[in-house]
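Trainee: Pasting coords_35.txt below, which is compact mmCIF, C-alpha atoms.
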# COMPACT_ATOMS: atom_id res chain seq x y z
CA MET A 820 142.78 115.88 -9.22
CA THR A 821 144.01 115.65 -5.64
CA THR A 822 144.51 112.51 -3.61
CA PRO A 823 143.17 112.66 -0.03
CA HIS A 824 146.12 113.03 2.32
CA THR A 825 144.77 111.31 5.44
CA ILE A 826 142.76 108.10 5.15
CA ALA A 827 140.45 106.99 7.96
CA VAL A 828 139.75 103.24 7.95
CA LEU A 829 136.62 102.47 9.96
CA GLY A 830 136.51 98.81 10.84
CA LEU A 831 139.74 96.98 11.66
CA GLY A 832 138.64 93.40 11.46
CA ARG A 833 140.54 90.92 9.31
CA MET A 834 140.03 92.76 6.04
CA GLY A 835 140.00 96.27 7.47
CA ASP A 836 143.26 95.71 9.27
CA ALA A 837 144.87 94.20 6.14
CA ILE A 838 143.67 97.15 4.05
CA ALA A 839 144.87 99.74 6.58
CA THR A 840 148.22 98.00 6.95
CA ARG A 841 148.69 97.87 3.17
CA LEU A 842 147.90 101.58 2.81
CA ALA A 843 150.27 102.51 5.63
CA ALA A 844 153.03 100.37 4.12
CA GLN A 845 152.63 102.32 0.88
CA ASP A 846 153.33 105.59 2.71
CA ARG A 847 149.72 106.63 3.10
CA ASN A 848 148.80 108.55 6.24
CA VAL A 849 146.31 106.16 7.84
CA ILE A 850 144.29 106.45 11.02
CA GLY A 851 142.00 103.63 12.06
CA TRP A 852 139.07 102.92 14.32
CA THR A 853 137.22 99.75 15.19
CA ARG A 854 134.04 99.19 17.15
CA SER A 855 135.48 96.22 19.04
CA GLY A 856 138.52 98.13 20.26
CA ARG A 857 140.75 95.21 19.17
CA THR A 858 143.57 96.12 16.78
CA SER A 859 146.76 94.56 15.51
CA GLY A 860 148.76 97.66 16.33
CA ALA A 861 149.94 97.98 12.73
CA VAL A 862 148.27 101.37 12.24
CA ARG A 863 147.58 104.40 14.38
CA THR A 864 144.10 104.34 15.92
CA THR A 865 141.71 106.68 17.70
CA GLY A 866 139.31 106.00 20.51
CA GLY A 867 136.30 107.23 18.55
CA PRO A 868 135.33 107.40 14.88
CA HIS A 869 134.73 111.17 14.97
CA ASP A 870 138.40 111.88 15.65
CA ALA A 871 139.45 109.69 12.72
CA VAL A 872 136.91 111.14 10.31
CA ALA A 873 137.61 114.76 11.21
CA GLN A 874 141.22 114.36 10.05
CA ALA A 875 140.48 112.49 6.82
CA GLY A 876 140.01 113.46 3.22
CA LEU A 877 138.94 109.88 2.49
CA VAL A 878 136.98 107.58 4.81
CA LEU A 879 137.13 103.87 3.99
CA LEU A 880 134.56 101.51 5.49
CA ALA A 881 135.44 97.86 6.07
CA LEU A 882 132.47 96.73 8.14
CA PHE A 883 130.56 93.45 8.44
CA ASP A 884 127.15 94.35 7.02
CA GLY A 885 124.72 97.03 5.93
CA PRO A 886 123.32 97.92 9.36
CA ALA A 887 126.86 98.43 10.68
CA CYS A 888 127.64 100.76 7.75
CA ARG A 889 124.50 102.79 8.35
CA GLN A 890 125.08 103.04 12.09
CA VAL A 891 128.69 104.17 11.79
CA LEU A 892 127.93 106.68 9.02
CA GLU A 893 125.02 108.14 10.95
CA ASP A 894 127.35 108.52 13.93
CA VAL A 895 130.14 110.31 12.03
CA ARG A 896 128.23 112.18 9.35
CA GLY A 897 128.43 115.45 11.25
CA ALA A 898 132.23 115.13 11.42
CA LEU A 899 132.69 114.56 7.68
CA ARG A 900 134.31 117.47 5.87
CA ALA A 901 132.50 118.86 2.85
CA ASP A 902 135.11 117.48 0.46
CA THR A 903 135.57 114.08 2.15
CA ILE A 904 135.16 111.00 -0.04
CA VAL A 905 133.51 107.93 1.54
CA VAL A 906 134.65 104.60 0.08
CA ASN A 907 132.69 101.57 1.21
CA THR A 908 134.41 98.20 0.70
CA SER A 909 131.84 96.31 2.81
CA THR A 910 129.70 93.52 1.36
CA ILE A 911 126.08 94.66 1.67
CA SER A 912 122.85 94.25 -0.28
CA PRO A 913 122.10 96.17 -3.48
CA THR A 914 119.27 98.00 -1.74
CA GLU A 915 121.50 99.04 1.15
CA ALA A 916 124.18 100.24 -1.28
CA SER A 917 121.64 102.33 -3.21
CA GLU A 918 120.33 103.89 -0.01
CA LEU A 919 123.82 104.89 1.13
CA ALA A 920 124.60 106.33 -2.32
CA ARG A 921 121.43 108.45 -2.24
CA TRP A 922 122.09 109.49 1.35
CA LEU A 923 125.71 110.60 0.87
CA GLY A 924 125.38 111.82 -2.69
CA PRO A 925 128.31 112.39 -5.08
CA SER A 926 130.94 111.88 -2.37
CA TYR A 927 130.08 108.17 -2.04
CA VAL A 928 132.07 105.40 -3.73
CA HIS A 929 130.75 101.88 -3.42
CA ALA A 930 133.75 99.61 -3.85
CA PRO A 931 133.34 96.01 -2.66
CA VAL A 932 136.44 93.90 -3.14
CA LEU A 933 137.15 90.42 -4.49
CA GLY A 934 139.87 88.66 -2.53
CA SER A 935 140.63 88.08 1.13
CA VAL A 936 143.38 88.99 3.56
CA PRO A 937 146.40 87.79 1.53
CA ALA A 938 145.23 89.70 -1.56
CA ALA A 939 144.67 92.85 0.49
CA SER A 940 148.13 92.57 2.02
CA ALA A 941 149.71 92.12 -1.41
CA GLY A 942 147.72 94.90 -3.10
CA ALA A 943 146.09 92.32 -5.36
CA LEU A 944 142.40 92.86 -4.66
CA ARG A 945 139.91 93.19 -7.51
CA ILE A 946 137.76 96.21 -6.73
CA LEU A 947 134.25 96.73 -8.15
CA ALA A 948 133.89 100.50 -8.02
CA ALA A 949 130.75 102.56 -8.61
CA ALA A 950 130.69 106.34 -8.23
CA GLY A 951 130.51 109.64 -10.03
CA ARG A 952 133.60 110.55 -12.07
CA ASP A 953 134.98 113.16 -9.67
CA ALA A 954 134.69 110.97 -6.57
CA LEU A 955 136.12 107.96 -8.37
CA ASP A 956 139.02 109.97 -9.79
CA ARG A 957 139.92 111.18 -6.31
CA ALA A 958 139.59 107.71 -4.78
CA ARG A 959 141.30 105.78 -7.59
CA PRO A 960 144.94 106.28 -6.45
CA VAL A 961 144.03 104.92 -3.04
CA LEU A 962 142.07 102.01 -4.50
CA GLU A 963 144.87 101.17 -6.90
CA THR A 964 147.19 100.85 -3.93
CA LEU A 965 144.96 97.96 -2.88
CA GLY A 966 144.52 96.32 -6.28
CA SER A 967 142.98 96.69 -9.73
CA VAL A 968 139.82 98.75 -10.22
CA LEU A 969 136.88 97.73 -12.40
CA THR A 970 134.22 100.40 -12.90
CA VAL A 971 130.79 98.74 -12.89
CA GLY A 972 128.09 101.42 -12.92
CA ASP A 973 125.91 102.25 -9.94
CA ALA A 974 126.20 101.19 -6.30
CA ALA A 975 123.48 98.53 -6.53
CA THR A 976 125.26 96.88 -9.47
CA ALA A 977 128.57 96.80 -7.63
CA ALA A 978 126.93 95.29 -4.54
CA ALA A 979 125.05 92.69 -6.60
CA LEU A 980 128.15 91.64 -8.55
CA LYS A 981 130.07 91.17 -5.31
CA LEU A 982 127.35 88.84 -4.01
CA ILE A 983 127.39 86.91 -7.30
CA ALA A 984 131.16 86.50 -7.04
CA ASN A 985 130.81 85.16 -3.50
CA SER A 986 128.08 82.81 -4.68
CA GLY A 987 130.65 81.16 -6.94
CA LEU A 988 132.97 80.78 -3.96
CA ALA A 989 130.18 79.30 -1.83
CA GLY A 990 129.39 76.80 -4.58
CA ALA A 991 133.04 75.77 -4.78
CA VAL A 992 133.26 75.27 -1.01
CA LEU A 993 130.13 73.11 -0.99
CA ALA A 994 131.31 71.15 -4.04
CA LEU A 995 134.59 70.51 -2.25
CA ARG A 996 132.66 69.38 0.83
CA ASP A 997 130.67 66.89 -1.26
CA SER A 998 133.84 65.53 -2.87
CA LEU A 999 135.53 65.03 0.49
CA ARG A 1000 132.43 63.34 1.92
CA GLN A 1001 132.27 60.94 -1.01
CA GLY A 1002 135.97 60.21 -0.65
CA ASP A 1003 135.46 59.44 3.03
CA ALA A 1004 132.50 57.18 2.23
CA LEU A 1005 134.67 55.25 -0.26
CA GLY A 1006 137.47 54.89 2.29
CA LEU A 1007 139.95 56.97 0.32
CA PRO A 1008 142.82 58.72 2.16
CA ARG A 1009 142.10 62.45 2.54
CA ALA A 1010 145.56 63.43 1.27
CA GLN A 1011 145.10 61.37 -1.89
CA VAL A 1012 141.67 62.89 -2.54
CA LEU A 1013 143.09 66.39 -2.13
CA ASP A 1014 145.99 65.59 -4.48
CA VAL A 1015 143.54 64.63 -7.22
CA LEU A 1016 141.14 67.53 -6.57
CA GLU A 1017 144.07 69.92 -6.81
CA LEU A 1018 144.52 68.81 -10.43
CA GLY A 1019 140.97 69.79 -11.38
CA ARG A 1020 138.64 72.79 -11.35
CA LEU A 1021 138.78 73.08 -7.56
CA GLY A 1022 142.57 73.09 -7.66
CA GLY A 1023 143.11 76.73 -6.69
CA LEU A 1024 140.82 76.48 -3.67
CA VAL A 1025 142.37 73.19 -2.55
CA ALA A 1026 145.93 74.50 -2.93
CA HIS A 1027 145.20 77.73 -1.04
CA LYS A 1028 143.19 76.07 1.74
CA ARG A 1029 144.96 72.73 2.03
CA ALA A 1030 146.23 73.33 5.55
CA PHE A 1031 142.66 73.99 6.73
CA LEU A 1032 141.35 70.97 4.83
CA THR A 1033 143.84 68.63 6.49
CA GLY A 1034 143.35 70.09 9.97
CA GLU A 1035 146.86 71.55 10.14
CA SER A 1036 145.61 75.14 10.54
CA VAL A 1037 142.90 74.67 13.15
CA THR A 1038 144.41 77.49 15.21
CA ALA A 1039 145.22 79.80 12.29
CA ALA A 1040 143.24 83.00 11.82
CA ALA A 1041 140.44 82.73 9.28
CA GLU A 1042 140.86 84.69 6.06
CA PHE A 1043 137.14 84.62 5.24
CA THR A 1044 134.69 83.17 7.74
CA ILE A 1045 131.77 80.79 7.33
CA GLY A 1046 129.54 83.33 9.05
CA ALA A 1047 130.49 86.10 6.63
CA LEU A 1048 129.92 83.93 3.56
CA ALA A 1049 126.61 82.67 4.95
CA LYS A 1050 125.57 86.29 5.51
CA ASP A 1051 126.45 87.15 1.90
CA MET A 1052 124.45 84.22 0.52
CA ALA A 1053 121.43 85.21 2.62
CA LEU A 1054 121.70 88.73 1.18
CA LEU A 1055 121.88 87.37 -2.37
CA ALA A 1056 118.90 85.06 -1.89
CA ALA A 1057 116.84 87.91 -0.45
CA ALA A 1058 117.90 90.39 -3.15
CA SER A 1059 117.18 88.05 -6.05
CA ASN A 1060 114.08 86.45 -4.50
CA THR A 1061 115.31 83.28 -6.20
CA PRO A 1062 116.17 79.95 -4.51
CA LEU A 1063 119.83 79.70 -3.58
CA ARG A 1064 120.90 76.35 -2.16
CA SER A 1065 124.13 77.67 -0.67
CA ALA A 1066 122.23 80.15 1.53
CA ALA A 1067 120.71 77.33 3.58
CA GLY A 1068 123.67 75.03 3.01
CA LEU A 1069 126.09 77.39 4.75
CA ALA A 1070 123.71 78.65 7.43
CA ASP A 1071 123.00 75.12 8.67
CA ILE A 1072 126.58 73.86 8.72
CA PRO A 1073 127.38 72.67 12.27
CA ALA A 1074 130.64 74.60 12.53
CA ASP A 1075 131.93 77.74 14.22
CA PRO A 1076 130.75 80.74 12.17
CA ALA A 1077 134.09 82.41 12.93
CA ALA A 1078 136.02 79.53 11.32
CA ASP A 1079 137.58 79.83 7.88
CA ILE A 1080 135.29 78.92 4.98
CA ALA A 1081 137.48 75.90 4.21
CA THR A 1082 136.31 74.37 7.50
CA ALA A 1083 132.83 74.13 5.99
CA ALA A 1084 134.19 71.60 3.51
CA THR A 1085 135.46 69.33 6.29
CA VAL A 1086 132.20 69.01 8.26
CA PRO A 1087 131.11 65.35 8.42
CA ALA A 1088 128.10 64.20 6.43
CA VAL A 1089 124.64 64.11 7.97
CA GLU A 1090 124.29 61.66 10.81
CA ASP A 1091 123.07 58.15 10.09
CA ALA A 1092 119.97 58.73 12.22
CA VAL A 1093 118.35 60.96 9.57
CA LEU A 1094 119.27 58.48 6.83
CA GLU A 1095 117.78 55.45 8.58
CA PRO A 1096 114.10 56.05 7.62
CA LEU A 1097 115.21 56.60 4.01
CA ARG A 1098 117.13 53.33 4.11
CA ALA A 1099 114.09 51.58 5.60
CA TYR A 1100 112.04 52.98 2.73
CA ILE A 1101 114.54 51.52 0.26
CA ARG A 1102 114.33 48.15 2.03
CA GLY A 1103 110.56 48.26 1.68
CA HIS A 1104 110.83 48.60 -2.09
CA ALA A 1105 113.59 46.00 -2.34
CA THR A 1106 111.67 43.34 -0.37
CA GLY A 1107 108.05 44.33 -0.94
CA ASP A 1108 107.56 44.04 2.83
CA PRO A 1109 105.29 46.89 4.05
CA ALA A 1110 106.68 46.59 7.59
CA HIS A 1111 109.68 48.61 6.43
CA PHE A 1112 107.39 51.46 5.33
CA ARG A 1113 105.61 51.44 8.68
CA ASP A 1114 109.01 51.77 10.31
CA ALA A 1115 110.09 54.58 7.98
CA PHE A 1116 106.93 56.73 8.03
CA LEU A 1117 104.93 58.40 10.76
CA PRO A 1118 101.50 56.75 11.08
CA THR A 1119 99.88 59.99 9.88
CA ALA A 1120 102.01 60.20 6.71
CA HIS A 1121 100.60 60.44 3.20
CA VAL A 1122 102.09 59.50 -0.16
CA GLU A 1123 101.03 61.95 -2.87
CA GLY A 1124 101.51 62.49 -6.57
CA ILE A 1125 99.91 62.33 -9.99
CA ARG A 1126 98.74 58.88 -11.13
CA ASP A 1127 96.99 58.37 -14.47
CA GLY A 1128 96.55 62.13 -14.75
CA ALA A 1129 94.85 62.57 -11.38
CA PHE A 1130 96.14 63.68 -7.99
CA VAL A 1131 96.27 60.89 -5.42
CA SER A 1132 96.93 61.07 -1.69
CA TRP A 1133 97.28 57.71 0.00
CA PRO A 1134 97.27 57.34 3.79
CA LEU A 1135 100.16 55.17 4.92
CA GLU A 1136 98.12 51.97 5.30
CA GLU A 1137 96.57 52.35 1.86
CA TYR A 1138 100.06 52.78 0.41
CA CYS A 1139 101.33 49.74 2.32
CA ALA A 1140 98.48 47.67 0.85
CA LEU A 1141 100.13 48.04 -2.57
CA PHE A 1142 103.01 45.80 -1.40
CA LYS A 1143 102.45 42.03 -1.09
CA GLY A 1144 105.53 40.96 0.86
CA ARG A 1145 107.66 39.95 -2.10
CA PRO A 1146 110.10 41.86 -4.35
CA ALA A 1147 109.17 42.88 -7.87
CA ALA A 1148 109.92 40.30 -10.55
CA ASP A 1149 112.62 42.55 -12.02
CA GLU A 1150 114.07 43.64 -8.67
CA PRO A 1151 117.66 42.70 -9.63
CA ALA A 1152 117.49 45.31 -12.42
CA ARG A 1153 116.03 48.06 -10.20
CA SER A 1154 118.08 50.61 -8.30
CA ARG A 1155 117.57 53.46 -5.85
CA ARG A 1156 119.77 56.27 -4.58
CA ILE A 1157 119.50 59.04 -2.01
CA ASP A 1158 120.30 62.29 -3.83
CA THR A 1159 120.03 65.03 -1.21
CA VAL A 1160 119.44 65.41 2.51
CA ASP A 1161 119.21 68.83 4.15
CA VAL A 1162 118.77 69.02 7.90
CA HIS A 1163 117.30 72.10 9.59
CA GLY A 1164 117.18 71.37 13.31
CA THR A 1165 114.24 69.03 13.93
CA VAL A 1166 113.08 68.89 10.29
CA ALA A 1167 114.79 67.70 7.15
CA THR A 1168 114.10 67.38 3.45
CA ALA A 1169 115.41 64.66 1.16
CA THR A 1170 115.16 63.58 -2.45
CA MET A 1171 115.62 60.12 -3.92
CA THR A 1172 115.72 58.64 -7.43
CA LEU A 1173 114.20 55.22 -8.07
CA LEU A 1174 114.88 53.41 -11.36
CA HIS A 1175 112.03 50.90 -11.62
CA GLY A 1176 111.89 49.17 -14.96
CA ALA A 1177 110.43 51.52 -17.54
CA ASP A 1178 109.78 54.21 -14.94
CA THR A 1179 111.99 56.67 -13.09
CA PHE A 1180 110.55 58.09 -9.88
CA THR A 1181 111.70 61.21 -8.09
CA ASP A 1182 110.63 61.07 -4.45
CA VAL A 1183 110.64 64.15 -2.24
CA PHE A 1184 110.44 63.62 1.52
CA LEU A 1185 109.71 65.75 4.56
CA LEU A 1186 111.21 64.26 7.70
CA VAL A 1187 110.67 65.16 11.36
CA ARG A 1188 112.67 64.21 14.43
CA ALA A 1189 110.20 63.28 17.14
CA ASP A 1190 110.56 61.14 20.27
CA GLY A 1191 114.28 60.81 19.66
CA ARG A 1192 114.14 59.43 16.12
CA TRP A 1193 113.67 60.59 12.55
CA ARG A 1194 110.56 59.56 10.61
CA ILE A 1195 109.13 60.50 7.21
CA ALA A 1196 106.18 62.85 7.70
CA ASN A 1197 105.17 63.01 4.04
CA LYS A 1198 106.27 61.96 0.58
CA ALA A 1199 105.46 63.38 -2.85
CA TYR A 1200 106.59 61.75 -6.06
CA HIS A 1201 106.90 62.34 -9.79
CA ARG A 1202 107.01 59.52 -12.34
CA ARG A 1203 108.77 59.77 -15.69
CA SER A 1204 108.03 56.96 -18.11
CA ARG A 1205 110.04 55.79 -21.06
CA PRO A 1206 108.50 56.34 -24.53
CA ALA A 1207 105.54 54.08 -25.34
CA PRO A 1208 107.37 52.01 -28.03
CA LEU A 1209 110.08 51.14 -25.54
CA ARG A 1210 107.53 50.33 -22.85
CA ARG A 1211 105.75 47.95 -25.25
CA ALA A 1212 109.07 46.30 -26.06
CA LEU A 1213 109.83 45.81 -22.40
CA GLY A 1214 106.36 44.53 -21.65
CA PRO A 1215 103.96 45.67 -18.90
CA ASP A 1216 105.21 46.18 -15.38
CA PRO A 1217 103.14 43.79 -13.22
CA GLU A 1218 104.00 45.69 -10.05
CA GLU A 1219 103.96 49.37 -10.91
CA ARG A 1220 104.24 50.96 -7.45
CA PRO A 1221 105.14 54.59 -6.65
Just give me the structure as structure tokens.

Mentor:
Amino acid sequence: MTTPHTIAVLGLGRMGDAIATRLAAQDRNVIGWTRSGRTSGAVRTTGGPHDAVAQAGLVLLALFDGPACRQVLEDVRGALRADTIVVNTSTISPTEASELARWLGPSYVHAPVLGSVPAASAGALRILAAAGRDALDRARPVLETLGSVLTVGDAATAAALKLIANSGLAGAVLALRDSLRQGDALGLPRAQVLDVLELGRLGGLVAHKRAFLTGESVTAAAEFTIGALAKDMALLAAASNTPLRSAAGLADIPADPAADIATAATVPAVEDAVLEPLRAYIRGHATGDPAHFRDAFLPTAHVEGIRDGAFVSWPLEEYCALFKGRPAADEPARSRRIDTVDVHGTVATATMTLLHGADTFTDVFLLVRADGRWRIANKAYHRRSRPAPLRRALGPDPEERP
């Protein structure tokens, strides 16, 4: 087994530069190239990828996405030596990884990495490697300079596992965002909230990203960007063809895509304007006054669901006729909460839970921003009733309204 003498790193962004710098610091002969032309100066570079590839026994890709990998490889394929190993650390879709593996054959190693810039600099990455034995044996000494290697099967599996790992990170970022928003709503000091969160399951993320979370590192270089994580979640949602809340949750965050992922956790909650029709809807139930519903809904809105086993679709005025201008007799025991609100430009979706006596309602809303204000365009509901014996014990609900 021979280790490639010269390593060409194609792509010197945050991760590519950290990888190239780590390899050079470990006495590897490294030559780099980047499409942007911007480099840190830590490694020797060439003006074109062909020059770098022609000198290399191992070519390492650290590019943003699948199309970039394909474009660069198509450009340099003629310059690759017959015995050159191609190691791809980029985060791409399983389909894209499989296509590259078929295209390049036994010389291709798909090796996405877990960890960001600090881990790359310290040689502490976790590397998900998929390749034939010969290619992996030749690449392993180089990969082990960057971190620990886990062999995972074929290229599609390695790509899919990397997306799953990033899904966990996205979930943690969004969970942290929700915790900070709730702390703000309760008037708690941000530092105190972070102190407590650092003691729990989000502790590692809070400790590592605390400077970003407190605004102290607003000018610091991002280790992993919102845009990159949003791209990864979009790839995962498309590959699995399964709903993934974080894909939309990250894509619609009103923050600079080039900012560190921790910045996503500090974005303020949705504006009050989109909450106001939902609050008017709550006031309608609390008072029994249909004027609040007319304020909350568009005149063309419908309220739809299953009632007594049959589908119903009430126009707004027919729905309003169910309310007689007075609260339900058991109103003090009833409660309502807004569970989710997701804004997508001029439309939004929301869910709400209503605890009304023996019934629990889940309301799902479609909202539209028109003429400068948000209104509910439609509502669908589901009713869950307590068991019949309990309902009989509680007595009939004289004002059973969805």

Trainee: Excluding same-chain residues fewer than 2 positions from stretch 865-881 of chain A, what lies within 6 Å of it counting only C-alpha atoms, as a ChimeraX atom specification?

Mentor: /A:823,825-830,835,852,895,898,903-909

Trainee: One number please: atom CA of A:Ser1204 to atom CA of A:Phe1116, in Å, one decimal.

Mentor: 26.2 Å

Trainee: Which residue out of A:Tyr1200, A:Phe883, A:Phe1031, A:Trp922 has the minimum interatomic distance to A:Arg896 when all atoms listed in the file are used?

Mentor: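 Ranked by minimum distance to A:Arg896, first place goes to A:Trp922.
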
Trainee: For stretch 1162-1177 of chain A, work out the shell of residues within 6 Å, counting all atoms listed in the file and skipping chain neighbours fewer than 3 positions away, then give it as a short mmCIF file (atom, residue, chain, number, x, y, z; two decimals) with C-alpha atoms, in the coordinates of the input.

Mentor:
data_model
loop_
_atom_site.label_atom_id
_atom_site.label_comp_id
_atom_site.auth_asym_id
_atom_site.auth_seq_id
_atom_site.Cartn_x
_atom_site.Cartn_y
_atom_site.Cartn_z
CA ARG A 1153 116.03 48.06 -10.20
CA SER A 1154 118.08 50.61 -8.30
CA ARG A 1155 117.57 53.46 -5.85
CA ARG A 1156 119.77 56.27 -4.58
CA ILE A 1157 119.50 59.04 -2.01
CA ASP A 1158 120.30 62.29 -3.83
CA THR A 1159 120.03 65.03 -1.21
CA PHE A 1180 110.55 58.09 -9.88
CA THR A 1181 111.70 61.21 -8.09
CA ASP A 1182 110.63 61.07 -4.45
CA VAL A 1183 110.64 64.15 -2.24
CA PHE A 1184 110.44 63.62 1.52
CA LEU A 1185 109.71 65.75 4.56
CA LEU A 1186 111.21 64.26 7.70
CA VAL A 1187 110.67 65.16 11.36
CA ARG A 1188 112.67 64.21 14.43
CA SER A 1204 108.03 56.96 -18.11
CA ARG A 1205 110.04 55.79 -21.06
#

Trainee: Which is closer to A:Leu1097 than all the others in A:Ala1081, A:Ala1196, A:Ala1053, A:Ala1148, using all atoms listed in the file?

Mentor: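 The closest residue to A:Leu1097 is A:Ala1196.
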
Trainee: State, in Å with one decimal place, the distance from atom CA of A:Gly1107 to atom CA of A:Glu1137.

Mentor: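 Straight-line distance from atom CA of A:Gly1107 to atom CA of A:Glu1137 works out to 14.3 Å.
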
Trainee: Name the residues within 7 Å of (132.3, 109.0, -4.9), counting only C-alpha atoms in the file's coordinates, and put them as a VMD selection string.

Mentor: chain A and resid 904 to 905 925 to 928 950 to 951 953 to 955

Trainee: For A:Arg847, work out the shell of residues within 12 Å, counting only C-alpha atoms and skipping chain neighbours fewer than 2 positions away, then give it as a short mmCIF file (atom, residue, chain, number, x, y, z; two decimals) with C-alpha atoms, keeping the file's coordinate frame.

Mentor:
data_model
loop_
_atom_site.label_atom_id
_atom_site.label_comp_id
_atom_site.auth_asym_id
_atom_site.auth_seq_id
_atom_site.Cartn_x
_atom_site.Cartn_y
_atom_site.Cartn_z
CA THR A 822 144.51 112.51 -3.61
CA PRO A 823 143.17 112.66 -0.03
CA HIS A 824 146.12 113.03 2.32
CA THR A 825 144.77 111.31 5.44
CA ILE A 826 142.76 108.10 5.15
CA ALA A 827 140.45 106.99 7.96
CA VAL A 828 139.75 103.24 7.95
CA ILE A 838 143.67 97.15 4.05
CA ALA A 839 144.87 99.74 6.58
CA THR A 840 148.22 98.00 6.95
CA ARG A 841 148.69 97.87 3.17
CA LEU A 842 147.90 101.58 2.81
CA ALA A 843 150.27 102.51 5.63
CA ALA A 844 153.03 100.37 4.12
CA GLN A 845 152.63 102.32 0.88
CA VAL A 849 146.31 106.16 7.84
CA ILE A 850 144.29 106.45 11.02
CA VAL A 862 148.27 101.37 12.24
CA ARG A 863 147.58 104.40 14.38
CA ALA A 875 140.48 112.49 6.82
CA GLY A 876 140.01 113.46 3.22
CA LEU A 877 138.94 109.88 2.49
CA PRO A 960 144.94 106.28 -6.45
CA VAL A 961 144.03 104.92 -3.04
CA LEU A 962 142.07 102.01 -4.50
CA THR A 964 147.19 100.85 -3.93
CA LEU A 965 144.96 97.96 -2.88
#

Trainee: Report, in Å with one decimal, the straight-line distance from atom CA of A:Ala1010 to atom CA of A:Gly1023.

Mentor: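 Here the two named atoms are 15.7 Å from each other.
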
Trainee: Nearest residue to A:Ala1058 out of A:Arg957, A:Arg1202, A:Ala978, A:Pro1008, using all atoms listed in the file?

Mentor: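 Once distances to A:Ala1058 are computed over all atoms listed in the file, the minimum belongs to A:Ala978.
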
Trainee: Applying 9 Å and all atoms listed in the file, which residues near A:Ile1101 remain after dropping the ones on its own chain fewer than 2 positions away? List them as a compact mmCIF listing (two decimals) with C-alpha atoms, in the frame of the given file.

Mentor:
# COMPACT_ATOMS: atom_id res chain seq x y z
CA PRO A 1096 114.10 56.05 7.62
CA LEU A 1097 115.21 56.60 4.01
CA ARG A 1098 117.13 53.33 4.11
CA ALA A 1099 114.09 51.58 5.60
CA GLY A 1103 110.56 48.26 1.68
CA HIS A 1104 110.83 48.60 -2.09
CA ALA A 1105 113.59 46.00 -2.34
CA THR A 1106 111.67 43.34 -0.37
CA HIS A 1111 109.68 48.61 6.43
CA PHE A 1112 107.39 51.46 5.33
CA ARG A 1155 117.57 53.46 -5.85
CA ARG A 1156 119.77 56.27 -4.58

Trainee: Neighbours of A:Ala938 within 10 Å (all atoms listed in the file; same-chain residues fewer than 3 positions away dropped), as a short mmCIF file (atom, residue, chain, number, x, y, z; two decimals) with C-alpha atoms, in the coordinates of the input?

Mentor:
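So the final result, stored in out.cif, reads:
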data_model
loop_
_atom_site.label_atom_id
_atom_site.label_comp_id
_atom_site.auth_asym_id
_atom_site.auth_seq_id
_atom_site.Cartn_x
_atom_site.Cartn_y
_atom_site.Cartn_z
CA MET A 834 140.03 92.76 6.04
CA ALA A 837 144.87 94.20 6.14
CA ILE A 838 143.67 97.15 4.05
CA VAL A 932 136.44 93.90 -3.14
CA LEU A 933 137.15 90.42 -4.49
CA GLY A 934 139.87 88.66 -2.53
CA SER A 935 140.63 88.08 1.13
CA ALA A 941 149.71 92.12 -1.41
CA GLY A 942 147.72 94.90 -3.10
CA ALA A 943 146.09 92.32 -5.36
CA LEU A 944 142.40 92.86 -4.66
CA ARG A 945 139.91 93.19 -7.51
CA LEU A 965 144.96 97.96 -2.88
CA GLY A 966 144.52 96.32 -6.28
#
